[in-house]
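K.L.:
One file is attached below, final08.cif, containing mmCIF, C-alpha atoms (C1' of nucleotides).
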```cif
data_coords
#
loop_
_atom_site.label_atom_id
_atom_site.label_comp_id
_atom_site.auth_asym_id
_atom_site.auth_seq_id
_atom_site.Cartn_x
_atom_site.Cartn_y
_atom_site.Cartn_z
CA MET A 1467 0.00 0.00 0.00
CA THR A 1468 1.23 3.46 -0.79
CA ARG A 1469 0.21 6.44 1.23
CA ASP A 1470 1.21 9.90 0.08
CA ILE A 1471 1.07 13.14 1.91
CA GLU A 1472 -2.41 14.49 2.48
CA VAL A 1473 -3.07 18.00 1.37
CA LYS A 1474 -6.13 19.62 2.82
CA ILE A 1475 -7.80 22.26 0.73
CA VAL A 1476 -10.88 23.90 2.08
CA LEU A 1477 -13.08 24.90 -0.80
CA LEU A 1478 -14.26 28.45 -0.55
CA ASN A 1479 -17.29 28.04 -2.74
CA GLU A 1480 -20.14 29.17 -0.52
CA SER A 1481 -22.85 27.60 -2.59
CA ALA A 1482 -21.27 24.18 -2.40
CA SER A 1483 -20.56 21.98 0.57
CA PRO A 1484 -17.20 22.52 2.18
CA GLY A 1485 -15.02 19.57 1.26
CA THR A 1486 -11.46 18.38 1.32
CA LEU A 1487 -9.24 17.30 -1.53
CA HIS A 1488 -6.43 14.85 -0.95
CA VAL A 1489 -3.60 13.71 -3.11
CA PRO A 1490 -4.89 10.43 -4.56
CA VAL A 1491 -3.63 7.24 -3.01
CA SER A 1492 -3.93 3.66 -4.13
CA PHE A 1493 -3.65 0.29 -2.47
CA ASP A 1494 -3.99 -3.35 -3.46
CA PHE A 1495 -5.34 -6.37 -1.66
CA GLN A 1496 -6.69 -9.86 -2.22
CA GLN A 1497 -10.42 -10.42 -1.99
CA ASP A 1498 -12.52 -13.48 -2.70
CA PRO A 1499 -15.38 -12.20 -4.93
CA SER A 1500 -17.78 -14.74 -3.44
CA ASP A 1501 -17.22 -13.05 -0.08
CA LEU A 1502 -17.29 -9.46 -1.35
CA ASP A 1503 -18.42 -8.69 -4.87
CA PHE A 1504 -17.92 -4.96 -5.39
CA ARG A 1505 -19.87 -4.79 -8.64
CA LEU A 1506 -22.90 -6.52 -7.16
CA THR A 1507 -22.75 -4.57 -3.92
CA VAL A 1508 -22.69 -1.10 -5.49
CA ASN A 1509 -25.39 -2.06 -8.01
CA CYS A 1510 -27.97 -3.70 -5.77
CA GLY A 1511 -29.76 -0.53 -4.78
CA GLN A 1512 -28.04 0.56 -1.58
CA VAL A 1513 -26.21 3.40 -3.29
CA PHE A 1514 -27.10 5.29 -6.47
CA ARG A 1515 -23.97 7.10 -7.55
CA TRP A 1516 -21.52 4.35 -8.48
CA ARG A 1517 -20.89 3.66 -12.12
CA GLU A 1518 -19.07 1.17 -14.25
CA LEU A 1519 -16.21 2.64 -16.25
CA ASP A 1520 -14.97 1.82 -19.73
CA ASP A 1521 -11.94 0.06 -18.27
CA GLY A 1522 -14.27 -2.33 -16.40
CA GLY A 1523 -13.64 -0.61 -13.08
CA LEU A 1524 -16.14 0.97 -10.72
CA ALA A 1525 -16.17 4.54 -9.50
CA GLY A 1526 -18.24 6.28 -6.90
CA VAL A 1527 -18.43 8.71 -4.03
CA ASP A 1528 -18.90 8.16 -0.32
CA GLY A 1529 -19.05 11.24 1.87
CA ASP A 1530 -15.87 13.27 1.28
CA ASN A 1531 -14.21 10.50 -0.71
CA TRP A 1532 -14.21 9.33 -4.29
CA TRP A 1533 -13.12 5.79 -5.08
CA HIS A 1534 -12.03 3.88 -8.16
CA VAL A 1535 -12.06 0.10 -7.79
CA SER A 1536 -10.52 -2.31 -10.30
CA VAL A 1537 -11.06 -6.01 -9.82
CA SER A 1538 -9.18 -8.79 -11.60
CA GLY A 1539 -10.00 -12.18 -10.15
CA GLU A 1540 -9.02 -11.94 -6.51
CA ASN A 1541 -6.77 -8.96 -7.06
CA VAL A 1542 -8.27 -5.61 -6.17
CA ARG A 1543 -6.73 -2.21 -6.77
CA VAL A 1544 -8.33 0.82 -5.19
CA SER A 1545 -7.54 4.44 -5.92
CA GLY A 1546 -9.14 7.33 -4.14
CA ASN A 1547 -8.66 10.35 -1.94
CA GLY A 1548 -9.43 8.66 1.37
CA THR A 1549 -7.69 6.27 3.69
CA GLN A 1550 -7.70 2.51 3.39
CA ASP A 1551 -9.55 2.38 6.71
CA GLN A 1552 -12.34 4.52 5.25
CA PHE A 1553 -12.62 2.20 2.29
CA ARG A 1554 -12.67 -0.88 4.50
CA LYS A 1555 -15.37 0.68 6.65
CA LEU A 1556 -17.53 1.49 3.61
CA PHE A 1557 -17.69 -2.17 2.65
CA ARG A 1558 -17.62 -3.44 6.24
CA MET A 1559 -14.45 -5.38 5.51
CA ASP A 1560 -13.56 -5.93 9.16
CA GLN A 1561 -16.36 -8.37 9.81
CA ASP A 1562 -16.40 -12.11 9.24
CA TRP A 1563 -19.02 -12.37 6.50
CA ALA A 1564 -18.51 -16.08 5.91
CA ALA A 1565 -19.55 -16.59 9.52
CA HIS A 1566 -22.49 -14.22 9.05
CA ARG A 1567 -23.58 -16.23 6.03
CA SER A 1568 -23.50 -19.48 7.99
CA ALA A 1569 -25.39 -17.89 10.85
CA VAL A 1570 -28.17 -16.63 8.56
CA ILE A 1571 -28.51 -19.95 6.77
CA ALA A 1572 -28.57 -21.84 10.07
CA LYS A 1573 -31.38 -19.67 11.42
CA ALA A 1574 -33.28 -19.11 8.17
CA PRO A 1575 -32.49 -22.02 5.81
CA GLU A 1576 -35.18 -20.89 3.36
CA LEU A 1577 -32.94 -17.94 2.47
CA ALA A 1578 -30.05 -20.16 1.38
CA PRO A 1579 -31.10 -20.36 -2.30
CA MET A 1580 -31.29 -16.57 -2.67
CA MET A 1581 -28.01 -16.08 -0.85
CA GLY A 1582 -26.46 -18.67 -3.14
CA LEU A 1583 -27.58 -16.74 -6.20
CA LEU A 1584 -25.98 -13.53 -5.01
CA PRO A 1585 -22.61 -14.44 -3.54
CA GLY A 1586 -20.59 -11.49 -2.39
CA LEU A 1587 -23.53 -9.16 -1.79
CA ARG A 1588 -22.33 -7.03 1.10
CA LEU A 1589 -24.13 -4.47 3.25
CA MET A 1590 -22.50 -1.06 2.84
CA ASP A 1591 -21.93 1.54 5.53
CA SER A 1592 -22.30 5.00 4.00
CA SER A 1593 -20.55 7.82 5.75
CA ASP A 1594 -23.11 10.42 4.65
CA PRO A 1595 -26.62 9.81 6.01
CA VAL A 1596 -27.71 13.05 4.32
CA GLU A 1597 -27.07 11.54 0.91
CA VAL A 1598 -28.81 8.33 1.94
CA LEU A 1599 -31.87 10.21 3.19
CA PHE A 1600 -32.36 12.36 0.12
CA SER A 1601 -31.53 9.53 -2.26
CA PHE A 1602 -34.33 7.46 -0.81
CA LEU A 1603 -36.64 10.45 -0.74
CA CYS A 1604 -36.25 10.31 -4.52
CA SER A 1605 -37.05 6.61 -4.60
CA SER A 1606 -40.72 6.60 -3.62
CA ASN A 1607 -43.00 5.14 -6.28
CA ASN A 1608 -40.12 5.40 -8.71
CA HIS A 1609 -37.78 3.19 -10.70
CA LEU A 1610 -34.03 2.80 -10.53
CA PRO A 1611 -32.93 4.66 -13.69
CA ARG A 1612 -34.90 7.74 -12.73
CA ILE A 1613 -33.81 7.57 -9.09
CA LYS A 1614 -30.19 7.57 -10.26
CA ALA A 1615 -30.82 10.53 -12.55
CA MET A 1616 -32.44 12.50 -9.73
CA VAL A 1617 -29.65 11.72 -7.25
CA ALA A 1618 -27.05 12.66 -9.87
CA SER A 1619 -28.86 15.93 -10.41
CA MET A 1620 -28.79 16.74 -6.68
CA ALA A 1621 -25.13 15.75 -6.45
CA LEU A 1622 -24.21 18.46 -8.95
CA LEU A 1623 -24.98 20.97 -6.21
CA GLY A 1624 -22.16 19.66 -4.02
CA ALA A 1625 -18.48 20.52 -4.04
CA PRO A 1626 -16.29 18.90 -6.69
CA LEU A 1627 -14.21 16.09 -5.21
CA GLY A 1628 -12.13 14.56 -7.95
CA VAL A 1629 -11.91 13.37 -11.51
CA VAL A 1630 -11.98 9.68 -12.42
CA GLN A 1631 -11.40 8.75 -16.06
CA GLY A 1632 -12.33 12.24 -17.14
CA GLU A 1633 -15.53 12.34 -15.12
CA LEU A 1634 -15.95 14.85 -12.31
CA PHE A 1635 -17.37 13.53 -9.07
CA HIS A 1636 -19.08 15.78 -6.56
CA ARG A 1637 -19.65 15.53 -2.87
CA PHE A 1638 -23.37 15.32 -2.09
CA PRO A 1639 -24.66 18.78 -1.06
CA ASN A 1640 -25.25 19.48 2.61
CA VAL A 1641 -28.74 19.84 4.08
CA GLU A 1642 -28.48 23.60 4.28
CA ARG A 1643 -27.96 23.78 0.52
CA ILE A 1644 -30.86 21.41 -0.14
CA ALA A 1645 -33.09 23.51 2.10
CA GLU A 1646 -32.49 26.46 -0.22
CA LEU A 1647 -34.01 24.65 -3.17
CA THR A 1648 -37.47 25.60 -4.34
CA GLU A 1649 -40.22 23.28 -5.40
CA SER A 1650 -40.45 24.90 -8.82
CA GLU A 1651 -36.77 24.45 -9.67
CA LEU A 1652 -36.91 20.82 -8.60
CA ARG A 1653 -40.03 20.26 -10.68
CA GLU A 1654 -38.26 21.75 -13.67
CA LYS A 1655 -35.48 19.25 -13.11
CA GLY A 1656 -37.95 16.39 -13.23
CA PHE A 1657 -38.40 15.50 -9.57
CA GLY A 1658 -42.16 15.33 -9.92
CA TYR A 1659 -44.16 15.51 -6.71
CA ARG A 1660 -41.02 14.82 -4.65
CA ALA A 1661 -40.06 18.40 -5.48
CA ALA A 1662 -42.49 19.48 -2.78
CA THR A 1663 -41.20 17.27 0.03
CA ILE A 1664 -37.43 17.47 -0.50
CA PRO A 1665 -36.94 21.11 0.58
CA VAL A 1666 -39.44 20.68 3.41
CA ALA A 1667 -37.60 17.67 4.82
CA ALA A 1668 -34.30 19.54 4.48
CA LYS A 1669 -35.67 22.52 6.39
CA GLN A 1670 -36.96 20.22 9.12
CA ILE A 1671 -33.50 18.69 9.50
CA VAL A 1672 -31.76 22.07 9.53
CA GLU A 1673 -34.24 23.19 12.16
CA MET A 1674 -33.29 20.27 14.39
CA GLY A 1675 -29.55 20.72 14.01
CA GLY A 1676 -28.61 19.65 10.50
CA SER A 1677 -26.24 16.82 9.71
CA PRO A 1678 -25.06 16.43 13.34
CA TRP A 1679 -28.67 15.78 14.37
CA LEU A 1680 -29.01 13.09 11.70
CA LYS A 1681 -25.66 11.49 12.57
CA ALA A 1682 -26.63 11.43 16.24
CA LEU A 1683 -29.40 9.01 15.31
CA LYS A 1684 -26.65 6.43 14.80
CA SER A 1685 -26.13 6.19 18.52
CA VAL A 1686 -29.75 5.94 19.65
CA PRO A 1687 -31.68 2.65 19.56
CA TYR A 1688 -33.04 1.62 16.18
CA HIS A 1689 -36.70 2.13 17.07
CA ARG A 1690 -35.98 5.61 18.37
CA ALA A 1691 -34.08 6.60 15.21
CA ARG A 1692 -36.89 5.19 13.09
CA SER A 1693 -39.62 7.13 14.87
CA GLU A 1694 -37.62 10.37 14.62
CA LEU A 1695 -37.20 9.88 10.87
CA LEU A 1696 -40.93 9.25 10.45
CA GLU A 1697 -41.54 12.86 11.46
CA LEU A 1698 -39.84 14.08 8.28
CA ALA A 1699 -41.90 15.06 5.24
CA GLY A 1700 -42.11 12.29 2.68
CA VAL A 1701 -40.52 9.71 4.99
CA GLY A 1702 -42.74 6.72 5.68
CA PRO A 1703 -41.93 3.32 7.23
CA LYS A 1704 -40.03 1.99 4.22
CA LEU A 1705 -37.81 5.03 3.75
CA ALA A 1706 -37.18 5.31 7.49
CA ASP A 1707 -35.90 1.75 7.47
CA CYS A 1708 -33.72 2.34 4.40
CA ILE A 1709 -32.15 5.35 6.09
CA CYS A 1710 -31.64 3.38 9.31
CA LEU A 1711 -30.09 0.45 7.46
CA PHE A 1712 -27.91 2.15 4.85
CA GLY A 1713 -27.21 5.48 6.51
CA LEU A 1714 -27.25 5.01 10.25
CA GLY A 1715 -25.81 1.55 10.81
CA HIS A 1716 -28.98 0.12 12.35
CA THR A 1717 -28.49 -3.22 10.66
CA GLU A 1718 -31.57 -4.84 12.18
CA ALA A 1719 -33.78 -2.56 10.04
CA VAL A 1720 -35.83 -4.39 7.40
CA PRO A 1721 -37.28 -2.09 4.73
CA VAL A 1722 -40.42 -3.76 3.37
CA ASP A 1723 -40.97 -2.60 -0.18
CA THR A 1724 -42.97 -4.15 -2.97
CA HIS A 1725 -40.28 -6.79 -3.63
CA VAL A 1726 -39.79 -7.86 -0.03
CA TRP A 1727 -43.57 -7.86 0.30
CA GLN A 1728 -43.90 -10.29 -2.61
CA VAL A 1729 -41.20 -12.62 -1.31
CA ALA A 1730 -42.57 -12.56 2.22
CA ALA A 1731 -46.05 -13.46 0.99
CA ARG A 1732 -44.58 -16.38 -0.94
CA LEU A 1733 -42.27 -17.56 1.82
CA TRP A 1734 -44.00 -16.94 5.13
CA PHE A 1735 -47.38 -15.24 4.81
CA PRO A 1736 -49.52 -16.91 2.11
CA GLU A 1737 -52.51 -15.12 3.61
CA PHE A 1738 -51.01 -11.82 2.41
CA LYS A 1739 -51.25 -12.96 -1.19
CA ASN A 1740 -54.05 -10.60 -2.22
CA ALA A 1741 -53.89 -8.20 0.71
CA SER A 1742 -52.48 -4.70 0.87
CA LEU A 1743 -49.34 -3.69 2.74
CA THR A 1744 -50.57 -2.15 5.98
CA THR A 1745 -48.52 -0.90 8.91
CA ARG A 1746 -49.38 -4.01 10.84
CA ARG A 1747 -48.39 -6.45 8.12
CA TYR A 1748 -45.22 -4.44 7.49
CA ALA A 1749 -44.28 -4.94 11.14
CA GLN A 1750 -45.05 -8.66 10.99
CA ILE A 1751 -42.69 -9.17 8.07
CA ALA A 1752 -39.89 -7.14 9.62
CA GLU A 1753 -40.35 -8.95 12.91
CA ALA A 1754 -40.17 -12.34 11.18
CA LEU A 1755 -36.61 -11.56 10.10
CA GLN A 1756 -35.54 -9.56 13.14
CA SER A 1757 -36.61 -12.14 15.69
CA ARG A 1758 -34.46 -14.79 14.08
CA LEU A 1759 -31.55 -12.82 12.67
CA GLY A 1760 -31.20 -9.78 14.92
CA THR A 1761 -28.59 -7.39 13.56
CA LEU A 1762 -28.11 -9.56 10.46
CA ALA A 1763 -31.74 -9.03 9.42
CA GLY A 1764 -31.00 -5.98 7.26
CA TRP A 1765 -28.27 -7.75 5.32
CA ALA A 1766 -30.46 -10.84 4.85
CA HIS A 1767 -33.34 -8.67 3.65
CA GLN A 1768 -31.10 -7.41 0.87
CA PHE A 1769 -31.08 -10.88 -0.73
CA LEU A 1770 -34.88 -11.04 -0.74
CA PHE A 1771 -35.11 -7.61 -2.25
CA TYR A 1772 -32.52 -7.91 -4.96
CA GLU A 1773 -33.25 -11.45 -6.06
CA ASN A 1774 -36.91 -10.51 -6.49
CA LEU A 1775 -36.00 -7.28 -8.29
CA LEU A 1776 -33.85 -9.17 -10.80
CA ASN A 1777 -36.53 -11.77 -11.44
CA TRP A 1778 -39.77 -9.85 -11.06
CA ARG A 1779 -40.61 -10.16 -14.73
CA GLY A 1780 -40.58 -13.92 -14.48
CA ARG A 1781 -43.23 -14.00 -11.80
CA SER A 1782 -46.98 -13.74 -12.09
"C1'" DT B 246 -57.44 -0.47 11.48
"C1'" DA B 247 -57.89 -1.81 6.56
"C1'" DG B 248 -58.64 -0.33 1.84
"C1'" DG B 249 -58.51 3.02 -2.08
"C1'" DG B 250 -56.84 6.76 -4.84
"C1'" DA B 251 -53.86 10.59 -6.16
"C1'" DC B 252 -49.37 11.87 -7.20
"C1'" DC B 253 -44.63 13.25 -11.36
"C1'" DT B 254 -42.37 11.01 -15.00
"C1'" DG B 255 -40.70 7.62 -18.10
"C1'" DC B 256 -40.13 2.96 -19.75
"C1'" DC B 257 -42.29 -1.79 -20.89
"C1'" DG C 1401 -49.92 -0.16 -16.43
"C1'" DC C 1402 -46.45 0.24 -13.15
"C1'" DA C 1403 -42.06 1.63 -10.75
"C1'" DG C 1404 -37.65 -0.08 -4.18
"C1'" DG C 1405 -44.18 4.81 -1.28
"C1'" DT C 1406 -46.39 8.43 1.22
"C1'" DC C 1407 -50.28 10.87 2.53
"C1'" DC C 1408 -55.02 11.70 2.99
"C1'" DC C 1409 -59.57 10.16 3.34
"C1'" DT C 1410 -63.54 6.94 4.14
#
```
Translate the structure described by the file into structure tokens.

P.N.:
Amino acid sequence: MTRDIEVKIVLLNESASPGTLHVPVSFDFQQDPSDLDFRLTVNCGQVFRWRELDDGGLAGVDGDNWWHVSVSGENVRVSGNGTQDQFRKLFRMDQDWAAHRSAVIAKAPELAPMMGLLPGLRLMDSSDPVEVLFSFLCSSNNHLPRIKAMVASMALLGAPLGVVQGELFHRFPNVERIAELTESELREKGFGYRAATIPVAAKQIVEMGGSPWLKALKSVPYHRARSELLELAGVGPKLADCICLFGLGHTEAVPVDTHVWQVAARLWFPEFKNASLTTRRYAQIAEALQSRLGTLAGWAHQFLFYENLLNWRGRS
DNA sequence: TAGGGACCTGCC
DNA sequence: GCAGGTCCCT
């Protein structure tokens, strides 16, 4: 691993988030793709700003850092402006995921087939809950390509971080900047009815203390964090759980969306077959996973979600 | 409480 | 018609 001097440059652009630029570093390591598959992990709907490059690599942003990942068999080369520890944290590389896999299969054997189809799907740990929150605010009643376009559009408002293969990557804007947006400008940019809720939610967060308030929800119990998030405009049970799981490290959270709903009805609740997703039934499904898997429930849920998403066309 | 409909926009 | 829903109203 090489580690060059860090140069801190505070950007003076008032309209953008303050950020830091570092001299790029790179490091190499060995990684079994069936334990951690970077391509799968950044494409399975936890994050919306990673893209595949012409050289076959992956590039994306997390918080103040941009990353460029190149995988060749078990050899991985990472370039970026952050530390190796930050990269390892993003992909939760310090945990024993083979053991986690065995634990999930032991307690919920019916999940084994789906886990087998998606080897290397890892739960990420974003360092910017603000980006997670507003990304998922864009996701309601929406599809992936448009969600990505909307998140990319918001990201243009943030400070420039670095250039990868000729493409400029931005830090996600801070809540204060998002709170300045107007409904009409967001509607012009194609946000649809979410244009109304995004600035309102941002103002609510600023009112309560901004990003520090949101980050503080990492260290309160999951149910407390969830109920606080539910007070925000446009945030219902599903989004609150996504924010808890992907942005706040509450890994017992189980977001129940249309895909998880379908799988759950097939697997555990046949009586839900022609029913609607109510608060009560939502809780029953989440509880079914949480009671058996505890803090591994959120990771396990990801297999239900993504396997169903990939194969939804093939089902009735 | 459960069920139903509206809501932006774009792709199947 | 339907998307990784939420909100409002019977």

K.L.:
Using the chain letters and numbers from the file, which residues does the PyMOL selection byres ((chain A) within 9 of (chain B)) grab, as a count of residues only?

P.N.:
11

K.L.:
Please enumerate the residues selected by the PyMOL selection byres ((chain A) within 10 of (chain C)) when evaluated against the supplied file, formatted as a list in words.

P.N.:
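What the PyMOL selection byres ((chain A) within 10 of (chain C)) grabs from the file is Gly1511, Gln1512, Phe1602, Leu1603, Ser1605, Ser1606, Asn1607, Asn1608, His1609, Leu1610, Arg1612, Ile1613, Ala1699, Gly1700, Val1701, Gly1702, Pro1703, Lys1704, Leu1705, Cys1708, Pro1721, Val1722, Asp1723, Thr1724, His1725, Val1726, Phe1771, Tyr1772 and Leu1775 of chain A.
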
K.L.:
Report as a PDB file with C-alpha atoms, keeping the file's coordinate frame the full result of the PyMOL selection byres ((chain A and resi 1497) around 8) when it is applied to this structure.

P.N.:
```pdb
ATOM      1  CA  PHE A1495      -5.340  -6.370  -1.660  1.00  0.00           C
ATOM      2  CA  GLN A1496      -6.690  -9.860  -2.220  1.00  0.00           C
ATOM      3  CA  ASP A1498     -12.520 -13.480  -2.700  1.00  0.00           C
ATOM      4  CA  PRO A1499     -15.380 -12.200  -4.930  1.00  0.00           C
ATOM      5  CA  ASP A1501     -17.220 -13.050  -0.080  1.00  0.00           C
ATOM      6  CA  LEU A1502     -17.290  -9.460  -1.350  1.00  0.00           C
ATOM      7  CA  GLU A1540      -9.020 -11.940  -6.510  1.00  0.00           C
ATOM      8  CA  ASN A1541      -6.770  -8.960  -7.060  1.00  0.00           C
ATOM      9  CA  VAL A1542      -8.270  -5.610  -6.170  1.00  0.00           C
TER      10      VAL A1542
END
```

K.L.:
Enclose the full set of atoms of stretch 1729-1735 of chain A listed in the file within a box whose edges lie along x, y and z, apply 5 Å of padding to each of the six sides, and report centre and edge lengths in Å to one decimal as AutoDock Vina command-line options.

P.N.:
```
--center_x -44.3 --center_y -15.1 --center_z 1.9 --size_x 16.2 --size_y 15.0 --size_z 16.4
```

K.L.:
Between atom CA of A:Met1674 and atom CA of A:Tyr1688, what is the distance, to one decimal in Å?

P.N.:
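Atom CA of A:Tyr1688 lies 18.7 Å from atom CA of A:Met1674.
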
K.L.:
Could you state the separation of atom CA of A:Arg1554 and atom CA of A:His1767 in Å, given to one decimal place?

P.N.:
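Atom-to-atom, atom CA of A:Arg1554 and atom CA of A:His1767 are spaced 22.1 Å apart.
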
K.L.:
I'd like the contact shell of stretch 1748-1760 of chain A - 10 Å cut-off, only C-alpha atoms (C1' of nucleotides), skipping same-chain residues fewer than 5 positions apart - returned as a PDB file with C-alpha atoms, in the frame of the given file.

P.N.:
```pdb
ATOM      1  CA  HIS A1566     -22.490 -14.220   9.050  1.00  0.00           C
ATOM      2  CA  ALA A1569     -25.390 -17.890  10.850  1.00  0.00           C
ATOM      3  CA  VAL A1570     -28.170 -16.630   8.560  1.00  0.00           C
ATOM      4  CA  ILE A1571     -28.510 -19.950   6.770  1.00  0.00           C
ATOM      5  CA  ALA A1572     -28.570 -21.840  10.070  1.00  0.00           C
ATOM      6  CA  LYS A1573     -31.380 -19.670  11.420  1.00  0.00           C
ATOM      7  CA  ALA A1574     -33.280 -19.110   8.170  1.00  0.00           C
ATOM      8  CA  PRO A1703     -41.930   3.320   7.230  1.00  0.00           C
ATOM      9  CA  LYS A1704     -40.030   1.990   4.220  1.00  0.00           C
ATOM     10  CA  ASP A1707     -35.900   1.750   7.470  1.00  0.00           C
ATOM     11  CA  THR A1717     -28.490  -3.220  10.660  1.00  0.00           C
ATOM     12  CA  GLU A1718     -31.570  -4.840  12.180  1.00  0.00           C
ATOM     13  CA  ALA A1719     -33.780  -2.560  10.040  1.00  0.00           C
ATOM     14  CA  VAL A1720     -35.830  -4.390   7.400  1.00  0.00           C
ATOM     15  CA  PRO A1721     -37.280  -2.090   4.730  1.00  0.00           C
ATOM     16  CA  VAL A1722     -40.420  -3.760   3.370  1.00  0.00           C
ATOM     17  CA  ASP A1723     -40.970  -2.600  -0.180  1.00  0.00           C
ATOM     18  CA  VAL A1726     -39.790  -7.860  -0.030  1.00  0.00           C
ATOM     19  CA  TRP A1727     -43.570  -7.860   0.300  1.00  0.00           C
ATOM     20  CA  ALA A1730     -42.570 -12.560   2.220  1.00  0.00           C
ATOM     21  CA  ALA A1731     -46.050 -13.460   0.990  1.00  0.00           C
ATOM     22  CA  TRP A1734     -44.000 -16.940   5.130  1.00  0.00           C
ATOM     23  CA  PHE A1735     -47.380 -15.240   4.810  1.00  0.00           C
ATOM     24  CA  SER A1742     -52.480  -4.700   0.870  1.00  0.00           C
ATOM     25  CA  LEU A1743     -49.340  -3.690   2.740  1.00  0.00           C
ATOM     26  CA  TRP A1765     -28.270  -7.750   5.320  1.00  0.00           C
ATOM     27  CA  ALA A1766     -30.460 -10.840   4.850  1.00  0.00           C
ATOM     28  CA  HIS A1767     -33.340  -8.670   3.650  1.00  0.00           C
TER      29      HIS A1767
END
```

K.L.:
Please determine the residues with any atom at most 12 Å from (-34.8, 25.7, -4.2) (coordinates as given in the file, with all atoms listed in the file counting) and report them as a PDB file with C-alpha atoms, keeping the file's coordinate frame.

P.N.:
```pdb
ATOM      1  CA  MET A1620     -28.790  16.740  -6.680  1.00  0.00           C
ATOM      2  CA  LEU A1623     -24.980  20.970  -6.210  1.00  0.00           C
ATOM      3  CA  VAL A1641     -28.740  19.840   4.080  1.00  0.00           C
ATOM      4  CA  GLU A1642     -28.480  23.600   4.280  1.00  0.00           C
ATOM      5  CA  ARG A1643     -27.960  23.780   0.520  1.00  0.00           C
ATOM      6  CA  ILE A1644     -30.860  21.410  -0.140  1.00  0.00           C
ATOM      7  CA  ALA A1645     -33.090  23.510   2.100  1.00  0.00           C
ATOM      8  CA  GLU A1646     -32.490  26.460  -0.220  1.00  0.00           C
ATOM      9  CA  LEU A1647     -34.010  24.650  -3.170  1.00  0.00           C
ATOM     10  CA  THR A1648     -37.470  25.600  -4.340  1.00  0.00           C
ATOM     11  CA  GLU A1649     -40.220  23.280  -5.400  1.00  0.00           C
ATOM     12  CA  SER A1650     -40.450  24.900  -8.820  1.00  0.00           C
ATOM     13  CA  GLU A1651     -36.770  24.450  -9.670  1.00  0.00           C
ATOM     14  CA  LEU A1652     -36.910  20.820  -8.600  1.00  0.00           C
ATOM     15  CA  ARG A1653     -40.030  20.260 -10.680  1.00  0.00           C
ATOM     16  CA  GLU A1654     -38.260  21.750 -13.670  1.00  0.00           C
ATOM     17  CA  LYS A1655     -35.480  19.250 -13.110  1.00  0.00           C
ATOM     18  CA  ALA A1661     -40.060  18.400  -5.480  1.00  0.00           C
ATOM     19  CA  ALA A1662     -42.490  19.480  -2.780  1.00  0.00           C
ATOM     20  CA  THR A1663     -41.200  17.270   0.030  1.00  0.00           C
ATOM     21  CA  ILE A1664     -37.430  17.470  -0.500  1.00  0.00           C
ATOM     22  CA  PRO A1665     -36.940  21.110   0.580  1.00  0.00           C
ATOM     23  CA  VAL A1666     -39.440  20.680   3.410  1.00  0.00           C
ATOM     24  CA  ALA A1668     -34.300  19.540   4.480  1.00  0.00           C
ATOM     25  CA  LYS A1669     -35.670  22.520   6.390  1.00  0.00           C
TER      26      LYS A1669
END
```

K.L.:
What is the atom CA of A:Phe1769 to atom CA of A:Glu1697 distance in Å?

P.N.:
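Taking atom CA of A:Phe1769 as the start and atom CA of A:Glu1697 as the end point, the length is 28.7 Å.
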